[in-house]
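Next comes my_file12.cif, a file with mmCIF, C-alpha atoms.
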data_work
#
loop_
_atom_site.label_atom_id
_atom_site.label_comp_id
_atom_site.auth_asym_id
_atom_site.auth_seq_id
_atom_site.Cartn_x
_atom_site.Cartn_y
_atom_site.Cartn_z
CA MET T 1 0.00 0.00 0.00
CA ARG T 2 1.32 3.43 -0.93
CA VAL T 3 0.85 6.62 1.06
CA GLY T 4 -2.39 8.59 1.08
CA SER T 5 -2.81 12.31 1.60
CA GLU T 6 -3.32 11.86 5.36
CA CYS T 7 -0.09 9.91 5.85
CA PHE T 8 2.10 13.03 6.00
CA SER T 9 0.31 14.42 9.05
CA CYS T 10 0.16 11.00 10.71
CA ILE T 11 3.90 10.41 10.31
CA SER T 12 4.52 13.96 11.54
CA ARG T 13 2.59 13.06 14.66
CA LEU T 14 4.68 9.90 15.04
CA ILE T 15 7.81 12.06 14.87
CA ASP T 16 6.51 14.29 17.66
CA VAL T 17 5.66 11.32 19.89
CA ALA T 18 8.88 9.41 19.19
CA SER T 19 11.07 12.50 19.65
CA GLU T 20 9.45 13.19 23.01
CA LEU T 21 10.01 9.61 24.14
CA SER T 22 13.55 9.34 22.82
CA THR T 23 15.38 11.83 25.03
CA CYS T 24 14.99 14.28 27.91
CA ASN T 25 17.68 16.52 26.41
CA ALA T 26 15.80 19.44 24.82
CA ASP T 27 18.56 20.33 22.35
CA MET T 28 19.02 16.74 21.23
CA ARG T 29 15.25 16.30 20.94
CA LYS T 30 15.00 19.40 18.76
CA ARG T 31 17.84 18.21 16.52
CA ALA T 32 16.39 14.69 16.24
CA ARG T 33 12.92 15.99 15.43
CA GLN T 34 14.27 18.31 12.74
CA GLU T 35 16.28 15.51 11.13
CA ALA T 36 13.18 13.32 11.13
CA ILE T 37 11.07 16.08 9.56
CA ASP T 38 13.76 16.57 6.91
CA ILE T 39 13.58 12.86 6.02
CA LEU T 40 9.79 13.01 5.86
CA GLU T 41 9.80 16.04 3.55
CA ARG T 42 12.57 14.60 1.39
CA GLU T 43 11.22 11.06 1.00
CA PHE T 44 7.45 11.55 1.03
CA ASN T 45 6.04 10.86 -2.43
CA SER T 46 3.18 8.90 -3.99
CA ASP T 47 5.29 5.74 -4.43
CA VAL T 48 6.47 5.31 -0.84
CA VAL T 49 5.02 2.75 1.56
CA PRO T 50 4.09 4.55 4.81
CA ALA T 51 5.42 1.80 7.08
CA ILE T 52 8.83 1.81 5.35
CA LEU T 53 9.12 5.61 5.49
CA SER T 54 8.19 5.54 9.18
CA THR T 55 10.85 2.88 9.77
CA ASN T 56 13.54 5.06 8.15
CA ILE T 57 12.52 7.99 10.33
CA LEU T 58 12.51 5.97 13.56
CA ARG T 59 15.96 4.59 12.73
CA ALA T 60 17.25 8.13 12.36
CA LEU T 61 15.75 9.15 15.70
CA LYS T 62 17.35 6.17 17.44
CA ALA T 63 20.73 6.91 15.88
CA ILE T 64 20.71 10.58 16.85
CA THR T 65 19.48 10.14 20.42
CA GLY T 66 21.27 6.86 21.15
CA ASN T 67 18.01 5.45 22.49
CA PRO T 68 17.50 1.95 21.01
CA ASP T 69 13.90 1.58 22.24
CA PRO T 70 12.05 4.88 22.75
CA PHE T 71 8.72 3.09 23.17
CA VAL T 72 9.84 0.66 25.86
CA GLU T 73 7.75 2.22 28.66
CA VAL T 74 4.75 2.58 26.35
CA LYS T 75 5.03 -1.12 25.53
CA ARG T 76 5.37 -2.15 29.17
CA LYS T 77 2.25 -0.17 30.06
CA GLU T 78 0.40 -1.70 27.12
CA ILE T 79 1.48 -5.23 28.06
CA ASP T 80 0.55 -4.77 31.71
CA PHE T 81 -2.85 -3.39 30.78
CA ALA T 82 -3.55 -6.07 28.16
CA ARG T 83 -2.57 -8.84 30.58
CA GLU T 84 -5.11 -7.60 33.12
CA ALA T 85 -7.83 -6.77 30.56
CA SER T 86 -7.61 -10.13 28.81
CA SER T 87 -7.92 -11.93 32.14
CA ARG T 88 -11.33 -10.31 32.65
CA ILE T 89 -12.75 -11.47 29.33
CA ASN T 90 -14.34 -14.88 28.90
CA PRO T 91 -11.83 -16.94 26.89
CA PRO T 92 -12.89 -17.72 23.31
CA LYS T 93 -14.20 -21.26 22.75
CA ASN T 94 -14.04 -21.85 19.01
CA LEU T 95 -12.03 -20.81 15.97
CA ARG T 96 -14.26 -17.89 14.99
CA SER T 97 -14.28 -16.41 18.49
CA MET T 98 -10.49 -16.86 18.69
CA VAL T 99 -10.01 -14.96 15.42
CA GLU T 100 -12.33 -12.20 16.67
CA TYR T 101 -10.46 -12.10 19.99
CA SER T 102 -7.14 -11.76 18.18
CA ALA T 103 -8.53 -8.95 16.02
CA LEU T 104 -9.90 -7.21 19.11
CA GLY T 105 -6.35 -6.96 20.42
CA ASN T 106 -5.45 -4.85 17.38
CA THR T 107 -7.50 -2.04 18.90
CA LEU T 108 -4.33 -1.21 20.84
CA ASP T 109 -2.40 1.66 19.27
CA PHE T 110 0.52 3.84 20.36
CA PHE T 111 -1.51 6.99 19.57
CA LYS T 112 -4.21 5.93 22.06
CA GLU T 113 -4.34 5.06 25.72
CA PRO T 114 -4.61 1.26 26.05
CA GLU T 115 -7.88 1.70 27.95
CA SER T 116 -9.55 2.45 24.59
CA LEU T 117 -9.60 -1.33 24.13
CA LEU T 118 -12.25 -1.61 26.85
CA GLU T 119 -14.78 0.21 24.66
CA LYS T 120 -14.87 -2.84 22.37
CA VAL T 121 -14.40 -5.72 24.81
CA ASP T 122 -18.04 -6.61 25.43
CA ARG T 123 -19.38 -5.71 22.01
CA PHE T 124 -17.06 -6.75 19.21
CA PRO T 125 -18.81 -5.30 16.15
CA GLY T 126 -17.91 -8.10 13.76
CA PHE T 127 -15.85 -7.98 10.60
CA VAL T 128 -16.90 -5.74 7.72
CA HIS T 129 -14.99 -8.16 5.49
CA ASP T 130 -15.22 -11.66 6.88
CA ASP T 131 -13.10 -14.47 5.44
CA VAL T 132 -13.01 -16.48 8.68
CA ASP T 133 -15.00 -19.38 7.21
CA GLU T 134 -12.73 -19.50 4.17
CA PHE T 135 -9.70 -19.50 6.46
CA ALA T 136 -11.22 -22.36 8.46
CA GLY T 137 -11.77 -24.29 5.25
CA ARG T 138 -8.10 -24.02 4.36
CA LEU T 139 -6.78 -25.19 7.71
CA PRO T 140 -7.08 -28.96 7.13
CA SER T 141 -4.60 -28.83 4.25
CA ALA T 142 -2.20 -26.40 5.95
CA ARG T 143 0.80 -27.71 7.87
CA LYS T 144 2.94 -24.60 8.42
CA ILE T 145 1.38 -21.38 9.69
CA LEU T 146 3.27 -18.12 10.07
CA TYR T 147 1.77 -15.68 12.58
CA LEU T 148 3.04 -12.11 12.21
CA ALA T 149 2.55 -10.23 15.48
CA ASP T 150 1.89 -6.51 15.82
CA ASN T 151 1.48 -4.32 18.92
CA ALA T 152 3.10 -5.45 22.17
CA GLY T 153 -0.08 -6.03 24.18
CA GLU T 154 -1.73 -8.08 21.47
CA CYS T 155 0.18 -11.21 22.44
CA PHE T 156 -2.43 -12.02 25.11
CA PHE T 157 -5.17 -11.81 22.49
CA ASP T 158 -3.14 -13.85 19.98
CA ASN T 159 -2.34 -16.63 22.44
CA PRO T 160 -5.65 -18.60 22.30
CA LEU T 161 -5.58 -18.73 18.49
CA VAL T 162 -1.89 -19.68 18.43
CA ALA T 163 -2.48 -22.45 21.00
CA TYR T 164 -5.48 -23.77 19.08
CA LEU T 165 -3.63 -23.89 15.77
CA ALA T 166 -0.51 -25.39 17.35
CA LYS T 167 -2.42 -28.51 18.39
CA ASP T 168 -1.87 -30.00 14.96
CA LYS T 169 0.05 -27.36 12.99
CA GLU T 170 3.59 -26.04 12.99
CA VAL T 171 2.98 -22.46 14.14
CA THR T 172 5.73 -19.84 14.07
CA TYR T 173 5.07 -16.60 15.92
CA VAL T 174 7.06 -13.69 14.48
CA VAL T 175 8.15 -10.67 16.54
CA LYS T 176 10.53 -7.80 15.85
CA ASP T 177 14.25 -8.25 16.44
CA SER T 178 14.52 -4.76 17.93
CA SER T 179 12.37 -1.72 18.57
CA ALA T 180 9.86 -0.69 15.88
CA GLN T 181 7.49 1.83 17.53
CA ASN T 182 5.26 -0.21 19.88
CA ASP T 183 5.52 -3.50 17.97
CA ILE T 184 6.37 -6.51 20.10
CA THR T 185 9.97 -7.72 20.30
CA TYR T 186 11.43 -10.94 21.67
CA ASP T 187 12.23 -9.15 24.95
CA ASP T 188 8.66 -7.81 25.17
CA LEU T 189 7.23 -11.29 24.68
CA GLU T 190 9.49 -12.54 27.46
CA TYR T 191 8.36 -9.66 29.70
CA ALA T 192 4.74 -10.64 29.00
CA GLY T 193 5.50 -14.18 30.20
CA LEU T 194 4.36 -15.80 26.95
CA LEU T 195 7.67 -16.72 25.35
CA ASN T 196 7.10 -20.44 25.90
CA ARG T 197 3.41 -20.38 25.02
CA MET T 198 3.45 -19.10 21.44
CA GLY T 199 4.75 -22.08 19.51
CA LYS T 200 8.05 -21.52 17.76
CA VAL T 201 9.14 -17.89 18.07
CA ILE T 202 11.43 -16.13 15.60
CA THR T 203 12.20 -12.50 14.87
CA THR T 204 12.01 -10.64 11.59
CA GLY T 205 15.73 -10.03 11.96
CA ASP T 206 15.31 -6.26 11.87
CA ASP T 207 13.46 -3.26 13.30
CA ALA T 208 11.16 -2.59 10.35
CA ILE T 209 7.49 -1.79 10.81
CA GLY T 210 5.69 -4.58 8.97
CA ILE T 211 7.90 -6.72 6.73
CA ASP T 212 10.72 -5.23 4.67
CA LEU T 213 12.57 -7.91 2.71
CA ALA T 214 15.45 -5.49 2.12
CA THR T 215 16.42 -5.75 5.79
CA ALA T 216 14.63 -8.87 7.07
CA SER T 217 16.56 -12.04 7.78
CA GLU T 218 16.92 -14.85 5.25
CA GLU T 219 14.92 -17.03 7.62
CA MET T 220 12.06 -14.54 7.58
CA ALA T 221 12.05 -14.35 3.80
CA ARG T 222 12.14 -18.14 3.52
CA MET T 223 9.27 -18.58 5.98
CA LEU T 224 7.08 -16.20 4.00
CA GLN T 225 7.53 -18.40 0.95
CA THR T 226 7.31 -21.84 2.55
CA SER T 227 4.43 -21.32 5.00
CA ASP T 228 1.07 -22.68 3.87
CA LEU T 229 -0.90 -19.90 5.58
CA ILE T 230 0.10 -16.54 7.04
CA ILE T 231 -1.82 -14.62 9.69
CA ALA T 232 -0.76 -10.97 9.55
CA LYS T 233 -1.84 -8.65 12.34
CA GLY T 234 -2.24 -4.91 11.99
CA MET T 235 -1.80 -2.13 9.48
CA GLY T 236 1.99 -2.17 9.17
CA ASN T 237 1.95 -5.78 8.01
CA TYR T 238 -0.86 -4.97 5.58
CA GLU T 239 0.95 -1.92 4.18
CA THR T 240 4.14 -3.86 3.47
CA LEU T 241 2.86 -7.32 2.56
CA SER T 242 0.42 -5.87 0.04
CA GLU T 243 3.49 -4.71 -1.91
CA LEU T 244 5.00 -8.22 -2.09
CA PRO T 245 4.24 -10.94 -4.67
CA ILE T 246 2.61 -13.21 -2.09
CA SER T 247 -1.05 -13.89 -2.66
CA ASP T 248 -3.98 -16.04 -1.63
CA LYS T 249 -2.50 -17.32 1.60
CA ILE T 250 -2.43 -14.29 3.93
CA LEU T 251 -5.22 -13.68 6.42
CA HIS T 252 -4.99 -10.01 7.38
CA LEU T 253 -6.48 -9.36 10.82
CA LEU T 254 -6.70 -5.70 11.67
CA MET T 255 -8.61 -2.66 12.72
CA ALA T 256 -8.44 -0.07 9.92
CA LYS T 257 -7.46 2.86 12.14
CA CYS T 258 -6.71 5.41 9.44
CA GLU T 259 -8.43 6.59 6.29
CA PRO T 260 -5.69 5.53 3.80
CA VAL T 261 -5.71 1.91 5.04
CA ALA T 262 -9.50 1.84 5.27
CA SER T 263 -9.82 3.23 1.75
CA SER T 264 -7.28 0.73 0.41
CA LEU T 265 -9.39 -2.07 1.87
CA ASN T 266 -12.70 -0.48 0.82
CA ALA T 267 -13.84 -0.43 4.44
CA PRO T 268 -15.02 2.19 6.94
CA LYS T 269 -12.42 3.73 9.20
CA ASN T 270 -12.13 1.94 12.59
CA SER T 271 -13.77 -1.21 11.23
CA TYR T 272 -12.33 -4.70 11.75
CA LEU T 273 -11.33 -6.95 8.87
CA ALA T 274 -10.47 -10.61 8.44
CA ILE T 275 -9.53 -10.66 4.79
CA ILE T 276 -7.61 -13.25 2.78
CA ARG T 277 -5.32 -11.82 0.16
#
Will you turn the file into structure tokens for me?
Amino acid sequence: MRVGSECFSCISRLIDVASELSTCNADMRKRARQEAIDILEREFNSDVVPAILSTNILRALKAITGNPDPFVEVKRKEIDFAREASSRINPPKNLRSMVEYSALGNTLDFFKEPESLLEKVDRFPGFVHDDVDEFAGRLPSARKILYLADNAGECFFDNPLVAYLAKDKEVTYVVKDSSAQNDITYDDLEYAGLLNRMGKVITTGDDAIGIDLATASEEMARMLQTSDLIIAKGMGNYETLSELPISDKILHLLMAKCEPVASSLNAPKNSYLAIIR
């Protein structure tokens, strides 16, 4: 997916948030923010993928400030909240409810307080595009399933579906190798206490938002090709995977939180989708 007109202001907002979190030094923060804005103005064009541009900007902020994980406290707060919130929800009992539960976790967003998730907990509105039955129909013939994680707190909402699929499938749960906004890393999964409950766990090999084959590990690239089905959580994975020549085996599970993504998917903003592509 390429950028839309609203992406410039959204990435500008990301720069403000990330700069604030990166350093307490006012002069360094000012310099880092200006460098990030320069990259945004220089690289923003109709052919760029928003997740990849955001990755380049976050890398620059980390390099200038020397802070390898500006969002670490945001992620810890999100994980702590999601752990407690998920414990108060009746666990899903069947495949459809597990997919819905996993999608519900994608409500979490670094631009929002994690408590916004509670608005949806007792009244999941359903999917505006619903390929859950088609996904279920493909499971019997699938042996290897790749599960691409997204926001840090979502792991608690992913766990029931991962556990269900892992009963008779080879499930690989994919996290970031190092900080990519509030996406979950190996260390975050360990902090959440779920490292040994998510099947096989690998990292993308990089700090890219979504999947960027230019910097991802060879293992990550190989797994994308050899997996029978891929579950991809969130907008960053949609933005990047939709640019790759992989088709008809990816189940995108996400809340379309911005107009460009919603428009790309022909869906209302803030709707939930379970769409095979």
Option closest in space to Gly105 (chain T), from T:Asn151, T:Asn90, T:Asn25, T:Asn270 [counting all atoms listed in the file]: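 The closest residue to Gly105 (chain T) is T:Asn151.
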Counting only C-alpha atoms, which of T:Thr204, T:Asp177, T:Leu108, T:Ile145 gets nearest to Ala216 (chain T)? T:Thr204
Which residues, named as in the file, does the PyMOL selection byres ((chain T and resi 209) around 8) pick out? Answer as a VMD selection string. chain T and resid 51 to 52 54 to 55 180 to 181 183 207 to 208 210 to 212 236 to 237
Pick from T:Asp206, T:Asp130, T:Glu154, T:Glu219, whichever lies nearest to Ile79 (chain T) using all atoms listed in the file: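 Closest to Ile79 (chain T), using all atoms listed in the file: T:Glu154.
Using the PyMOL selection byres ((chain T and resi 29) around 10) on this structure selects T:Asp16, T:Ala18, T:Ser19, T:Glu20, T:Leu21, T:Ser22, T:Thr23, T:Cys24, T:Asn25, T:Ala26, T:Asp27, T:Met28, T:Lys30, T:Arg31, T:Ala32, T:Arg33, T:Gln34, T:Glu35, T:Leu61, T:Ile64, T:Thr65.
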T:Asp131, T:Asp188, T:Glu170, T:Asp150: which is nearest Lys200 (chain T), counting only C-alpha atoms?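 Counting only C-alpha atoms, the residue closest to Lys200 (chain T) is T:Glu170.
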Ground truth for the PyMOL selection byres ((chain T and resi 99) around 9), written as a list in words: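 Checking the PyMOL selection byres ((chain T and resi 99) around 9) against this file, the residues are Pro92, Asn94, Leu95, Arg96, Ser97, Met98, Glu100, Tyr101, Ser102, Ala103, Leu104, Val132, Asp158, Pro160, Leu161, Leu253 and Ala274 of chain T.
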Atom pair CA of Lys269 (chain T) / CA of Asn56 (chain T): separation (Å):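 Between these atoms lies a distance of 26.0 Å.
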Give me the residues near region 224-228 of chain T as a ChimeraX atom specification, where near means some atom within 12 Å (using all atoms listed in the file) and where sequence neighbours in that chain fewer than 3 positions away do not count. /T:135,138-148,169-174,204,211-213,216-221,231-232,241,244-251
Find the distance between CA of Met255 (chain T) and CA of Met198 (chain T) and write it in Å to one decimal.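 Atom-to-atom, CA of Met255 (chain T) and CA of Met198 (chain T) are spaced 22.2 Å apart.
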Using only C-alpha atoms for the distances, tell me which of T:Asp133, T:Thr185, T:Phe157, T:Ala166 is nearest to Ile275 (chain T). T:Asp133
T:Gly126, T:Pro50, T:Gly153, T:Pro70: which is nearest Arg2 (chain T), counting all atoms listed in the file?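 Checking each of T:Gly126, T:Pro50, T:Gly153, T:Pro70 against Arg2 (chain T), counting all atoms listed in the file, the winner is T:Pro50.
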Figure out the distance between CA of Glu84 (chain T) and CA of Asn159 (chain T), please, to one decimal in Å.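 That distance, rounded to one decimal, is 14.3 Å.
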Generate the missing atoms of region 79-104 of chain T up to N, CA and C atoms and report them as an mmCIF file, in the frame of the given file.
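Output contents, as saved in rebuild-v5.cif:
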data_model
loop_
_atom_site.group_PDB
_atom_site.id
_atom_site.type_symbol
_atom_site.label_atom_id
_atom_site.label_comp_id
_atom_site.auth_asym_id
_atom_site.auth_seq_id
_atom_site.Cartn_x
_atom_site.Cartn_y
_atom_site.Cartn_z
ATOM 1 N N ILE T 79 1.454 -3.812 27.705
ATOM 2 C CA ILE T 79 1.480 -5.230 28.060
ATOM 3 C C ILE T 79 0.811 -5.457 29.421
ATOM 4 N N ASP T 80 1.137 -4.622 30.387
ATOM 5 C CA ASP T 80 0.550 -4.770 31.710
ATOM 6 C C ASP T 80 -0.961 -4.606 31.657
ATOM 7 N N PHE T 81 -1.410 -3.612 30.905
ATOM 8 C CA PHE T 81 -2.850 -3.390 30.780
ATOM 9 C C PHE T 81 -3.524 -4.557 30.065
ATOM 10 N N ALA T 82 -2.938 -4.998 28.950
ATOM 11 C CA ALA T 82 -3.550 -6.070 28.160
ATOM 12 C C ALA T 82 -3.593 -7.379 28.939
ATOM 13 N N ARG T 83 -2.568 -7.638 29.737
ATOM 14 C CA ARG T 83 -2.570 -8.840 30.580
ATOM 15 C C ARG T 83 -3.788 -8.836 31.498
ATOM 16 N N GLU T 84 -4.011 -7.705 32.162
ATOM 17 C CA GLU T 84 -5.110 -7.600 33.120
ATOM 18 C C GLU T 84 -6.471 -7.595 32.398
ATOM 19 N N ALA T 85 -6.561 -6.860 31.285
ATOM 20 C CA ALA T 85 -7.830 -6.770 30.560
ATOM 21 C C ALA T 85 -8.239 -8.112 29.984
ATOM 22 N N SER T 86 -7.290 -8.838 29.410
ATOM 23 C CA SER T 86 -7.610 -10.130 28.810
ATOM 24 C C SER T 86 -8.039 -11.148 29.851
ATOM 25 N N SER T 87 -7.546 -10.988 31.080
ATOM 26 C CA SER T 87 -7.920 -11.930 32.140
ATOM 27 C C SER T 87 -9.361 -11.746 32.584
ATOM 28 N N ARG T 88 -9.955 -10.594 32.251
ATOM 29 C CA ARG T 88 -11.330 -10.310 32.650
ATOM 30 C C ARG T 88 -12.348 -10.650 31.567
ATOM 31 N N ILE T 89 -11.871 -11.145 30.446
ATOM 32 C CA ILE T 89 -12.750 -11.470 29.330
ATOM 33 C C ILE T 89 -12.912 -12.990 29.264
ATOM 34 N N ASN T 90 -14.118 -13.446 29.047
ATOM 35 C CA ASN T 90 -14.340 -14.880 28.900
ATOM 36 C C ASN T 90 -13.498 -15.402 27.741
ATOM 37 N N PRO T 91 -12.713 -16.445 27.959
ATOM 38 C CA PRO T 91 -11.830 -16.940 26.890
ATOM 39 C C PRO T 91 -12.643 -17.458 25.704
ATOM 40 N N PRO T 92 -12.170 -17.235 24.494
ATOM 41 C CA PRO T 92 -12.890 -17.720 23.310
ATOM 42 C C PRO T 92 -12.908 -19.240 23.261
ATOM 43 N N LYS T 93 -13.990 -19.816 22.705
ATOM 44 C CA LYS T 93 -14.200 -21.260 22.750
ATOM 45 C C LYS T 93 -14.033 -21.956 21.411
ATOM 46 N N ASN T 94 -14.134 -21.219 20.322
ATOM 47 C CA ASN T 94 -14.040 -21.850 19.010
ATOM 48 C C ASN T 94 -13.203 -20.987 18.082
ATOM 49 N N LEU T 95 -12.936 -21.497 16.885
ATOM 50 C CA LEU T 95 -12.030 -20.810 15.970
ATOM 51 C C LEU T 95 -12.505 -19.398 15.661
ATOM 52 N N ARG T 96 -13.774 -19.227 15.333
ATOM 53 C CA ARG T 96 -14.260 -17.890 14.990
ATOM 54 C C ARG T 96 -14.060 -16.915 16.155
ATOM 55 N N SER T 97 -14.418 -17.326 17.358
ATOM 56 C CA SER T 97 -14.280 -16.410 18.490
ATOM 57 C C SER T 97 -12.805 -16.131 18.787
ATOM 58 N N MET T 98 -11.917 -17.093 18.503
ATOM 59 C CA MET T 98 -10.490 -16.860 18.690
ATOM 60 C C MET T 98 -9.949 -15.851 17.683
ATOM 61 N N VAL T 99 -10.423 -15.928 16.445
ATOM 62 C CA VAL T 99 -10.010 -14.960 15.420
ATOM 63 C C VAL T 99 -10.527 -13.568 15.801
ATOM 64 N N GLU T 100 -11.766 -13.486 16.248
ATOM 65 C CA GLU T 100 -12.330 -12.200 16.670
ATOM 66 C C GLU T 100 -11.557 -11.633 17.865
ATOM 67 N N TYR T 101 -11.215 -12.500 18.795
ATOM 68 C CA TYR T 101 -10.460 -12.100 19.990
ATOM 69 C C TYR T 101 -9.094 -11.550 19.598
ATOM 70 N N SER T 102 -8.434 -12.227 18.668
ATOM 71 C CA SER T 102 -7.140 -11.760 18.180
ATOM 72 C C SER T 102 -7.271 -10.395 17.513
ATOM 73 N N ALA T 103 -8.304 -10.232 16.685
ATOM 74 C CA ALA T 103 -8.530 -8.950 16.020
ATOM 75 C C ALA T 103 -8.840 -7.846 17.018
ATOM 76 N N LEU T 104 -9.585 -8.182 18.065
ATOM 77 C CA LEU T 104 -9.900 -7.210 19.110
ATOM 78 C C LEU T 104 -8.634 -6.621 19.703
#
